[in-house]
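As structure tokens, the structure follows; a few thoughts come after it.
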Amino acid sequence: MCGILGWFSSHGTTCDPEACLQGLQTLGHRGPHGRGVLQRSGLWLGHVRLAIIDVEHGGQPWIDEDSGLAMVYNGEIYNYVEERRLLENAGYQFRSHSDTEVLLKMYLAYGEKMLDRLNGMFAFAIHDPRNNTLFCARDHAGIKPFYYLASKEGILFASEVKAMVTVRGGLEADPQGMADYIALQYLIGSKTFFRDVRRLLPGHCLRIGSDGTPTVRQYWSLTPDERFTGNAVEAAEWLRVHLDDAIRLQLRSDVPLGAHLSGGLDTGIITRLASRRIAPERFSTFTAGFREGGVFDDTAAARISSRFCDTDHHEIFPTADDFLHLFPTLVHHLDEPMAGQGVFPQYMVSRLAQTKVRVVLGGQGADELFGGYTRYYALLLDQAIRNGADRGREPLGIDWPTLGAGLGQMHNYGPLWSQMQAGGAFQSPIERYWRMIDRSGDLNDVLAPDFVESLQGYRTFNAYRDIVDRFPDAEVLNRILYFETSAWLPALLHVEDRMSMAVSLESRVPFLDPRIMRFAFSLPTRIKLHQGQTKGLMRQAFHNDLAQSVRDRRDKLGFPTPTSRWFAGPLRDFVWETLNSVSCRQRGIFSPEAIRRISENPQGDFDRSLWGMLNIELWHRNLHPMPSMAA
């Protein structure tokens with residue numbers, strides 16, 4: 001796990017090596033164990049290393065002595081042992097035991113088709129001096145980041161945008177990126193908060209030819225119209241076998257490992273399967289809670305899972321004072337605002353884990369792959385009722401009796417149901433789902449007119465429709481999950497990467513093994529929501545691998561934080577001073593009157609608005625000190 005920064009110009013245009021070194025220094029938290037630089041005509045490659053595999057010999061940039069190929073790489077190739085064995089049988093020789101060398105040899109052996117063989121999380125760039133080209137790629141799910149800025153002079157790329165800002169200087173803000181964030185708390189597509197900086201999308205690669213032309217293509221994708229033809233018992237067995245194998249691969253490490261452990265299914269399953277393979281050593285687990293209690297404290301359930309799995313368990317309880325002092329630091333490490341308040345406890349639990357281990361396993365992806373959020377169930381329940389009333393033709397893939405068996409999941413979700421119903425009787429399920437995830441309703445009246453004009457008619461809803469309409473004949477749930485894995489999941493992984501790497505901790509996510517991702521999207525809704533339950537297939541497949549009280553929970557709420565209480569209480573002055581500052585007013589993004597009204601009543605429906613507004617203002621201060629959106 002590392003950080004990369006690079007510049008390539010097929011025309012031989014040079015970069016400023018001192019600026020590049022300064023940019024690499026901003027990535028030091030990603031790699032405290034080593035730093036390397038390679039400079040050639042028109043090429044500058046920099047790397048900082050967090051040593052996990054072959055600690056002594058895996059430094060980068062890695063150069064192949066025979067061909068001259070050079071590579072910088074961030075991530076882990078989990079199946080490198082098997083691929084190395086095949087390469088050795090084919091006559092390739094190795095001078096290390098690192099997955100880095102295996103990755104570069106695979107490129108020599110297979111070219112770009114190497115991507116079809118990789119199981120891992122990765123972002124890399126390979127320079128081939130034989131034809132003066134640069135080949136870059138990002139993993140299937142987008143676990144590892146890759147940003148780039150292409151111009152007529154060349155291409156600048158990095159693991160984090162802050163390094164590019166250091167090299168390039170001031171970059172212009174992108175109002176459309178901010179519009180996505182205001183609506184959803186994440187961005188859709190390749191856009192970022194910076195107008196000229198793009199994300200290489202998950203499952204995509206980038207080639208810059210000898211003529212300097214950049215070409216992006218998709219090498220891997222999910223297809224919701226594939227179909228698993230077995231039954232729920234067969235699906236459960238497949239999932240058990242392959243998740244266990246994914247964990248086997250992801251436990252490969254030359255340094256200590258542990259796991260995040262909440263009180264829910266996902267991390268409970270990961271911990272159970274991993275701890276069995278780590279035995280007889282005790283496996284370390286980590287969780288965070290809040291002394292405010294209630295829904296804000298899941299530590300009791302996490303302790304039950306820890307005892308069930310026999311782990312060495314550790315807890316942390318962040319406070320409002322911690323939040324006040326760390327919030328600017330979190331915004332800085334995120335590079336750009338992304339996702340919700342859960343970023344704070346995620347950072348705190350990562351900081352705790354780093355004191356004991358260098359690698360953690362997590363449960364990211366299970367909800368988006370196997371239908372874990374209650375909003376999915378609510379949408380299907382609503383559409384089933386509508387189909388029964390007007391004989392609609394929406395392909396649900398699950399019948400009313402099965403859905404009805406899970407009605408207990410709707411306890412305490414009355415507001416969600418009301419929000420979905422507010423759109424009227426004639427909206428499609430895709431439109432009603434948008435009403436559940438759109439967070440801009442209470443922000444529409446706070447945007448300044450000049451900011452709205454700068455959007456030039458852009459609507460995040462249209463970007464959402466472009467994705468969910470790619471498979472119009474697929475079942476409703478799989479169309480929604482396709483959007484979630486394309487847009488929402490990368491935002492969660494963005495947070496996972498930044499908050500772990502901020503403290504030099506590697507985070508691995510076994511549910512996002514590409515085999516499991518493809519399998520999940522082949523499953524019909526009736527199997528995903530077995531017996532009408534969210535993540536019903538997972539509950540069945542791992543029935544005996546979870547404590548009963550954890551397995552039967554219906555009140556898990558993700559990672560809620562008491563920020564609404566804090567904003568109205570001990571952090572009220574912080575909210576007021578930030579949003580009513582001269583700098584915030586001069587930017588021209590938010591209406592001063594609306595800022596006054598919301599910051600004077602920082603609770604209830606305005607909680608998410610405040611979160612978004614605070615993040616945007618602190619982002620400008622930390623990474624993009626622009627004087628005014630209207631300028």
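In the structure tokens, the first chain shown is A, the next is B, and so on; residue numbers restart at 1 for each chain, and ligands run from 1 in the order shown.
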field: Secondary structure check, helix (DSSP H, G or I) residues of range 86-284 of chain A, as an MDAnalysis selection string
entry: chainID A and resid 86:89 99:117 161:168 175:184 232:250 265:278
Rows by chain and residue number, range 95-193 of chain A within 12 Å of range 216-236 of chain A, shortest pair, only C-alpha atoms, as CSV:
residue,atom,partner,partner_atom,distance
A:Glu112,CA,A:Tyr219,CA,9.2
A:Lys113,CA,A:Tyr219,CA,8.9
A:Met114,CA,A:Tyr219,CA,10.5
A:Leu115,CA,A:Tyr219,CA,7.5
A:Asp116,CA,A:Tyr219,CA,7.9
A:Arg117,CA,A:Trp220,CA,11.2
A:Leu118,CA,A:Trp220,CA,11.1
A:Leu134,CA,A:Val216,CA,12.0
A:Phe135,CA,A:Val216,CA,10.1
A:Cys136,CA,A:Val216,CA,9.4
A:Ala137,CA,A:Tyr219,CA,9.2
A:Arg138,CA,A:Tyr219,CA,9.8
A:Asp139,CA,A:Trp220,CA,9.0
A:His140,CA,A:Trp220,CA,6.4
A:Ala141,CA,A:Ser221,CA,9.2
A:Gly142,CA,A:Trp220,CA,11.3
A:Tyr148,CA,A:Val216,CA,11.5
A:Ala150,CA,A:Val216,CA,11.7
A:Ser190,CA,A:Val216,CA,11.4
Any chance you could export the current selection's C-alpha atoms as a PDB file, in the first residue's frame?
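File out06.pdb, as written:
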ATOM      1  CA  GLU A 112      -2.840  -5.194 -21.207  1.00  0.00           C
ATOM      2  CA  LYS A 113      -4.588  -8.573 -20.973  1.00  0.00           C
ATOM      3  CA  MET A 114      -2.863  -8.945 -17.614  1.00  0.00           C
ATOM      4  CA  LEU A 115      -5.828  -7.031 -16.171  1.00  0.00           C
ATOM      5  CA  ASP A 116      -8.065 -10.035 -16.801  1.00  0.00           C
ATOM      6  CA  ARG A 117      -5.891 -12.121 -14.479  1.00  0.00           C
ATOM      7  CA  LEU A 118      -5.582  -9.762 -11.502  1.00  0.00           C
ATOM      8  CA  LEU A 134       2.493   5.028 -20.438  1.00  0.00           C
ATOM      9  CA  PHE A 135      -0.105   2.467 -19.339  1.00  0.00           C
ATOM     10  CA  CYS A 136      -2.197   3.046 -16.205  1.00  0.00           C
ATOM     11  CA  ALA A 137      -5.027   1.082 -14.598  1.00  0.00           C
ATOM     12  CA  ARG A 138      -7.322   1.073 -11.590  1.00  0.00           C
ATOM     13  CA  ASP A 139      -8.838  -1.978  -9.883  1.00  0.00           C
ATOM     14  CA  HIS A 140     -12.260  -3.445 -10.605  1.00  0.00           C
ATOM     15  CA  ALA A 141     -14.122  -1.809  -7.708  1.00  0.00           C
ATOM     16  CA  GLY A 142     -12.151   1.429  -7.388  1.00  0.00           C
ATOM     17  CA  TYR A 148      -5.026  12.515 -13.601  1.00  0.00           C
ATOM     18  CA  ALA A 150      -4.208  15.708 -19.108  1.00  0.00           C
ATOM     19  CA  SER A 190     -15.127  10.821 -13.400  1.00  0.00           C
TER      20      SER A 190
END
message: As an exercise, work out the distance from CA of Thr485 in chain A to CA of Ser522 in chain A in Å and give it to one decimal place.
response: 14.1 Å
- prompt: Restricting the calculation to only C-alpha atoms, which member of A:Arg526, A:Gly169, A:Asn131, A:Ser67 is positioned closest to Ala19 in chain A?
  reply: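 Once distances to Ala19 in chain A are computed over only C-alpha atoms, the minimum belongs to A:Gly169.
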Pick from A:Phe451, A:Phe461, A:Tyr482, A:Trp400, whichever lies nearest to Phe590 in chain A using only C-alpha atoms: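 Smallest separation from Phe590 in chain A among the options: A:Phe451.
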query: Mind pulling up the distance from CA of His313 in chain A to CA of Gln548 in chain A?
result: 19.2 Å
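The coordinates place CA of Val495 in chain A at 25.6 Å from CA of Pro570 in chain A.
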task: With a distance cut-off of 7 Å and only C-alpha atoms, select the neighbouring residues of Arg498 in chain A, excluding the residue or stretch itself and same-chain residues fewer than 4 positions from it, and output the selection as a PyMOL selection string.
output: chain A and resi 333-334+494+502
Export of the given selection (C-alpha atoms) as a CSV table (one decimal), in the first residue's frame:
chain,number,residue,atom,x,y,z
A,333,HIS,CA,-7.0,14.1,4.0
A,334,LEU,CA,-10.2,13.5,2.0
A,494,HIS,CA,-12.7,6.9,-1.1
A,502,ALA,CA,-4.0,9.1,6.8
- prompt: So which residues touch range 375-377 of chain A within 12 Å, counting only C-alpha atoms, skipping near sequence neighbours fewer than 2 positions away, as JSON, numbers by chain?
  reply: {"A": [367, 368, 369, 370, 371, 372, 373, 379, 380, 381, 382, 383, 384, 396, 398, 400, 402, 403, 404, 405, 406, 407, 408, 409, 410, 413, 414, 415, 416, 417, 418, 419, 420, 429, 430, 432, 433, 434, 435, 436, 437, 476, 477, 478, 479, 480, 481, 484, 525, 526, 528, 529, 530, 531, 532, 533, 534, 535, 536, 557]}
Excluding same-chain residues fewer than 2 positions from Gly58 in chain A, what lies within 12 Å of it counting only C-alpha atoms, as a PDB file with N, CA, C and O atoms, in the first residue's frame?
ATOM      1  N   MET A   1       0.856  -1.185   0.000  1.00  0.00           N
ATOM      2  CA  MET A   1       0.000   0.000   0.000  1.00  0.00           C
ATOM      3  C   MET A   1       0.884   1.224   0.000  1.00  0.00           C
ATOM      4  O   MET A   1       1.819   1.316   0.788  1.00  0.00           O
ATOM      5  N   CYS A   2       0.597   2.153  -0.888  1.00  0.00           N
ATOM      6  CA  CYS A   2       1.559   3.217  -1.095  1.00  0.00           C
ATOM      7  C   CYS A   2       0.874   4.465  -1.644  1.00  0.00           C
ATOM      8  O   CYS A   2      -0.347   4.557  -1.723  1.00  0.00           O
ATOM      9  N   HIS A  33       7.575   4.117   5.005  1.00  0.00           N
ATOM     10  CA  HIS A  33       8.687   3.167   5.086  1.00  0.00           C
ATOM     11  C   HIS A  33       9.682   3.268   3.935  1.00  0.00           C
ATOM     12  O   HIS A  33      10.632   2.480   3.880  1.00  0.00           O
ATOM     13  N   GLY A  34       9.462   4.174   3.013  1.00  0.00           N
ATOM     14  CA  GLY A  34      10.407   4.289   1.906  1.00  0.00           C
ATOM     15  C   GLY A  34       9.937   5.308   0.889  1.00  0.00           C
ATOM     16  O   GLY A  34       8.734   5.565   0.755  1.00  0.00           O
ATOM     17  N   ARG A  35      10.896   5.879   0.163  1.00  0.00           N
ATOM     18  CA  ARG A  35      10.571   6.863  -0.862  1.00  0.00           C
ATOM     19  C   ARG A  35      11.543   6.679  -2.018  1.00  0.00           C
ATOM     20  O   ARG A  35      12.741   6.486  -1.824  1.00  0.00           O
ATOM     21  N   GLY A  36      11.018   6.714  -3.252  1.00  0.00           N
ATOM     22  CA  GLY A  36      11.865   6.545  -4.425  1.00  0.00           C
ATOM     23  C   GLY A  36      11.414   7.421  -5.575  1.00  0.00           C
ATOM     24  O   GLY A  36      10.226   7.747  -5.696  1.00  0.00           O
ATOM     25  N   HIS A  47       7.314   7.590  -5.617  1.00  0.00           N
ATOM     26  CA  HIS A  47       6.612   6.555  -4.857  1.00  0.00           C
ATOM     27  C   HIS A  47       6.970   6.655  -3.381  1.00  0.00           C
ATOM     28  O   HIS A  47       8.127   6.867  -3.013  1.00  0.00           O
ATOM     29  N   VAL A  48       5.957   6.561  -2.514  1.00  0.00           N
ATOM     30  CA  VAL A  48       6.172   6.402  -1.076  1.00  0.00           C
ATOM     31  C   VAL A  48       5.556   5.072  -0.665  1.00  0.00           C
ATOM     32  O   VAL A  48       4.494   4.693  -1.143  1.00  0.00           O
ATOM     33  N   ARG A  49       6.219   4.353   0.235  1.00  0.00           N
ATOM     34  CA  ARG A  49       5.855   2.961   0.485  1.00  0.00           C
ATOM     35  C   ARG A  49       5.409   2.681   1.908  1.00  0.00           C
ATOM     36  O   ARG A  49       6.070   3.080   2.870  1.00  0.00           O
ATOM     37  N   LEU A  50       4.275   1.998   2.007  1.00  0.00           N
ATOM     38  CA  LEU A  50       3.842   1.336   3.230  1.00  0.00           C
ATOM     39  C   LEU A  50       4.136  -0.143   3.024  1.00  0.00           C
ATOM     40  O   LEU A  50       3.467  -0.816   2.231  1.00  0.00           O
ATOM     41  N   ALA A  51       5.154  -0.669   3.692  1.00  0.00           N
ATOM     42  CA  ALA A  51       5.660  -2.012   3.419  1.00  0.00           C
ATOM     43  C   ALA A  51       4.773  -3.079   4.036  1.00  0.00           C
ATOM     44  O   ALA A  51       4.583  -3.112   5.255  1.00  0.00           O
ATOM     45  N   ILE A  52       4.235  -3.962   3.182  1.00  0.00           N
ATOM     46  CA  ILE A  52       3.346  -5.048   3.626  1.00  0.00           C
ATOM     47  C   ILE A  52       3.884  -6.407   3.171  1.00  0.00           C
ATOM     48  O   ILE A  52       3.948  -7.352   3.946  1.00  0.00           O
ATOM     49  N   ILE A  53       4.254  -6.519   1.879  1.00  0.00           N
ATOM     50  CA  ILE A  53       4.781  -7.760   1.315  1.00  0.00           C
ATOM     51  C   ILE A  53       6.256  -7.561   0.973  1.00  0.00           C
ATOM     52  O   ILE A  53       6.625  -6.560   0.362  1.00  0.00           O
ATOM     53  N   ASP A  54       7.094  -8.523   1.348  1.00  0.00           N
ATOM     54  CA  ASP A  54       8.549  -8.436   1.120  1.00  0.00           C
ATOM     55  C   ASP A  54       9.054  -7.069   1.571  1.00  0.00           C
ATOM     56  O   ASP A  54       9.469  -6.223   0.770  1.00  0.00           O
ATOM     57  N   VAL A  55       9.002  -6.880   2.857  1.00  0.00           N
ATOM     58  CA  VAL A  55       9.291  -5.580   3.465  1.00  0.00           C
ATOM     59  C   VAL A  55      10.654  -5.037   3.050  1.00  0.00           C
ATOM     60  O   VAL A  55      10.816  -3.834   2.825  1.00  0.00           O
ATOM     61  N   GLU A  56      11.650  -5.916   2.889  1.00  0.00           N
ATOM     62  CA  GLU A  56      13.016  -5.459   2.624  1.00  0.00           C
ATOM     63  C   GLU A  56      13.278  -5.128   1.163  1.00  0.00           C
ATOM     64  O   GLU A  56      14.111  -4.270   0.849  1.00  0.00           O
ATOM     65  N   GLN A  60      10.057   1.000  -4.643  1.00  0.00           N
ATOM     66  CA  GLN A  60       9.716   1.469  -5.983  1.00  0.00           C
ATOM     67  C   GLN A  60      10.262   2.890  -6.179  1.00  0.00           C
ATOM     68  O   GLN A  60      10.626   3.545  -5.206  1.00  0.00           O
ATOM     69  N   PRO A  61      10.264   3.367  -7.453  1.00  0.00           N
ATOM     70  CA  PRO A  61       9.797   2.746  -8.689  1.00  0.00           C
ATOM     71  C   PRO A  61      10.553   1.437  -8.991  1.00  0.00           C
ATOM     72  O   PRO A  61      11.757   1.338  -8.735  1.00  0.00           O
ATOM     73  N   TRP A  62       9.807   0.482  -9.537  1.00  0.00           N
ATOM     74  CA  TRP A  62      10.397  -0.812  -9.874  1.00  0.00           C
ATOM     75  C   TRP A  62      10.773  -0.798 -11.354  1.00  0.00           C
ATOM     76  O   TRP A  62       9.964  -0.444 -12.205  1.00  0.00           O
ATOM     77  N   ILE A  63      11.999  -1.207 -11.625  1.00  0.00           N
ATOM     78  CA  ILE A  63      12.508  -1.183 -12.995  1.00  0.00           C
ATOM     79  C   ILE A  63      12.899  -2.593 -13.404  1.00  0.00           C
ATOM     80  O   ILE A  63      13.625  -3.287 -12.680  1.00  0.00           O
ATOM     81  N   MET A  71       7.770   1.099 -13.207  1.00  0.00           N
ATOM     82  CA  MET A  71       6.415   1.125 -12.685  1.00  0.00           C
ATOM     83  C   MET A  71       6.372   1.741 -11.299  1.00  0.00           C
ATOM     84  O   MET A  71       7.271   1.535 -10.479  1.00  0.00           O
ATOM     85  N   VAL A  72       5.304   2.508 -11.046  1.00  0.00           N
ATOM     86  CA  VAL A  72       4.913   2.872  -9.686  1.00  0.00           C
ATOM     87  C   VAL A  72       3.523   2.294  -9.465  1.00  0.00           C
ATOM     88  O   VAL A  72       2.674   2.315 -10.362  1.00  0.00           O
ATOM     89  N   TYR A  73       3.287   1.825  -8.258  1.00  0.00           N
ATOM     90  CA  TYR A  73       2.104   0.993  -8.013  1.00  0.00           C
ATOM     91  C   TYR A  73       1.644   1.167  -6.575  1.00  0.00           C
ATOM     92  O   TYR A  73       2.449   1.210  -5.646  1.00  0.00           O
ATOM     93  N   ASN A  74       0.346   1.275  -6.394  1.00  0.00           N
ATOM     94  CA  ASN A  74      -0.283   1.383  -5.079  1.00  0.00           C
ATOM     95  C   ASN A  74      -1.301   0.267  -4.949  1.00  0.00           C
ATOM     96  O   ASN A  74      -2.199   0.150  -5.784  1.00  0.00           O
ATOM     97  N   GLU A  76      -2.368  -3.986  -3.545  1.00  0.00           N
ATOM     98  CA  GLU A  76      -1.934  -5.361  -3.308  1.00  0.00           C
ATOM     99  C   GLU A  76      -2.538  -6.258  -4.391  1.00  0.00           C
ATOM    100  O   GLU A  76      -3.728  -6.139  -4.703  1.00  0.00           O
ATOM    101  N   PHE A  94      12.926 -13.943 -10.996  1.00  0.00           N
ATOM    102  CA  PHE A  94      12.571 -12.888 -10.057  1.00  0.00           C
ATOM    103  C   PHE A  94      13.734 -12.616  -9.103  1.00  0.00           C
ATOM    104  O   PHE A  94      14.493 -13.522  -8.747  1.00  0.00           O
ATOM    105  N   ARG A  95      13.838 -11.364  -8.687  1.00  0.00           N
ATOM    106  CA  ARG A  95      14.876 -10.995  -7.735  1.00  0.00           C
ATOM    107  C   ARG A  95      14.306 -10.562  -6.383  1.00  0.00           C
ATOM    108  O   ARG A  95      15.057 -10.117  -5.509  1.00  0.00           O
ATOM    109  N   SER A  96      12.983 -10.680  -6.215  1.00  0.00           N
ATOM    110  CA  SER A  96      12.340 -10.342  -4.945  1.00  0.00           C
ATOM    111  C   SER A  96      11.174 -11.285  -4.722  1.00  0.00           C
ATOM    112  O   SER A  96      10.862 -12.134  -5.565  1.00  0.00           O
ATOM    113  N   HIS A  97      10.501 -11.122  -3.602  1.00  0.00           N
ATOM    114  CA  HIS A  97       9.277 -11.874  -3.320  1.00  0.00           C
ATOM    115  C   HIS A  97       8.068 -10.939  -3.270  1.00  0.00           C
ATOM    116  O   HIS A  97       7.044 -11.260  -2.664  1.00  0.00           O
ATOM    117  N   SER A  98       8.160  -9.786  -3.890  1.00  0.00           N
ATOM    118  CA  SER A  98       7.100  -8.787  -3.826  1.00  0.00           C
ATOM    119  C   SER A  98       6.055  -9.004  -4.919  1.00  0.00           C
ATOM    120  O   SER A  98       6.354  -9.537  -5.998  1.00  0.00           O
ATOM    121  N   ASP A  99       4.837  -8.577  -4.636  1.00  0.00           N
ATOM    122  CA  ASP A  99       3.794  -8.611  -5.658  1.00  0.00           C
ATOM    123  C   ASP A  99       4.053  -7.548  -6.725  1.00  0.00           C
ATOM    124  O   ASP A  99       3.554  -7.652  -7.848  1.00  0.00           O
ATOM    125  N   THR A 100       4.839  -6.532  -6.389  1.00  0.00           N
ATOM    126  CA  THR A 100       5.173  -5.479  -7.352  1.00  0.00           C
ATOM    127  C   THR A 100       5.902  -6.062  -8.550  1.00  0.00           C
ATOM    128  O   THR A 100       5.553  -5.790  -9.713  1.00  0.00           O
ATOM    129  N   GLU A 101       6.912  -6.858  -8.298  1.00  0.00           N
ATOM    130  CA  GLU A 101       7.676  -7.445  -9.390  1.00  0.00           C
ATOM    131  C   GLU A 101       6.814  -8.391 -10.214  1.00  0.00           C
ATOM    132  O   GLU A 101       6.916  -8.424 -11.451  1.00  0.00           O
ATOM    133  N   VAL A 102       5.917  -9.122  -9.550  1.00  0.00           N
ATOM    134  CA  VAL A 102       5.012 -10.017 -10.275  1.00  0.00           C
ATOM    135  C   VAL A 102       4.124  -9.214 -11.211  1.00  0.00           C
ATOM    136  O   VAL A 102       3.909  -9.592 -12.375  1.00  0.00           O
ATOM    137  N   LEU A 103       3.619  -8.089 -10.751  1.00  0.00           N
ATOM    138  CA  LEU A 103       2.739  -7.256 -11.563  1.00  0.00           C
ATOM    139  C   LEU A 103       3.454  -6.783 -12.827  1.00  0.00           C
ATOM    140  O   LEU A 103       2.896  -6.839 -13.932  1.00  0.00           O
ATOM    141  N   ASP A 254       3.116  -9.844   5.362  1.00  0.00           N
ATOM    142  CA  ASP A 254       4.306 -10.062   6.166  1.00  0.00           C
ATOM    143  C   ASP A 254       4.304  -9.214   7.429  1.00  0.00           C
ATOM    144  O   ASP A 254       5.325  -9.115   8.124  1.00  0.00           O
TER     145      ASP A 254
END
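The environment of Leu361 in chain A within 7 Å, counting only C-alpha atoms and disregarding residues fewer than 5 places along the same chain, consists of Gly258, Ala259, His260, Ser507, Arg508 and Val509 of chain A.
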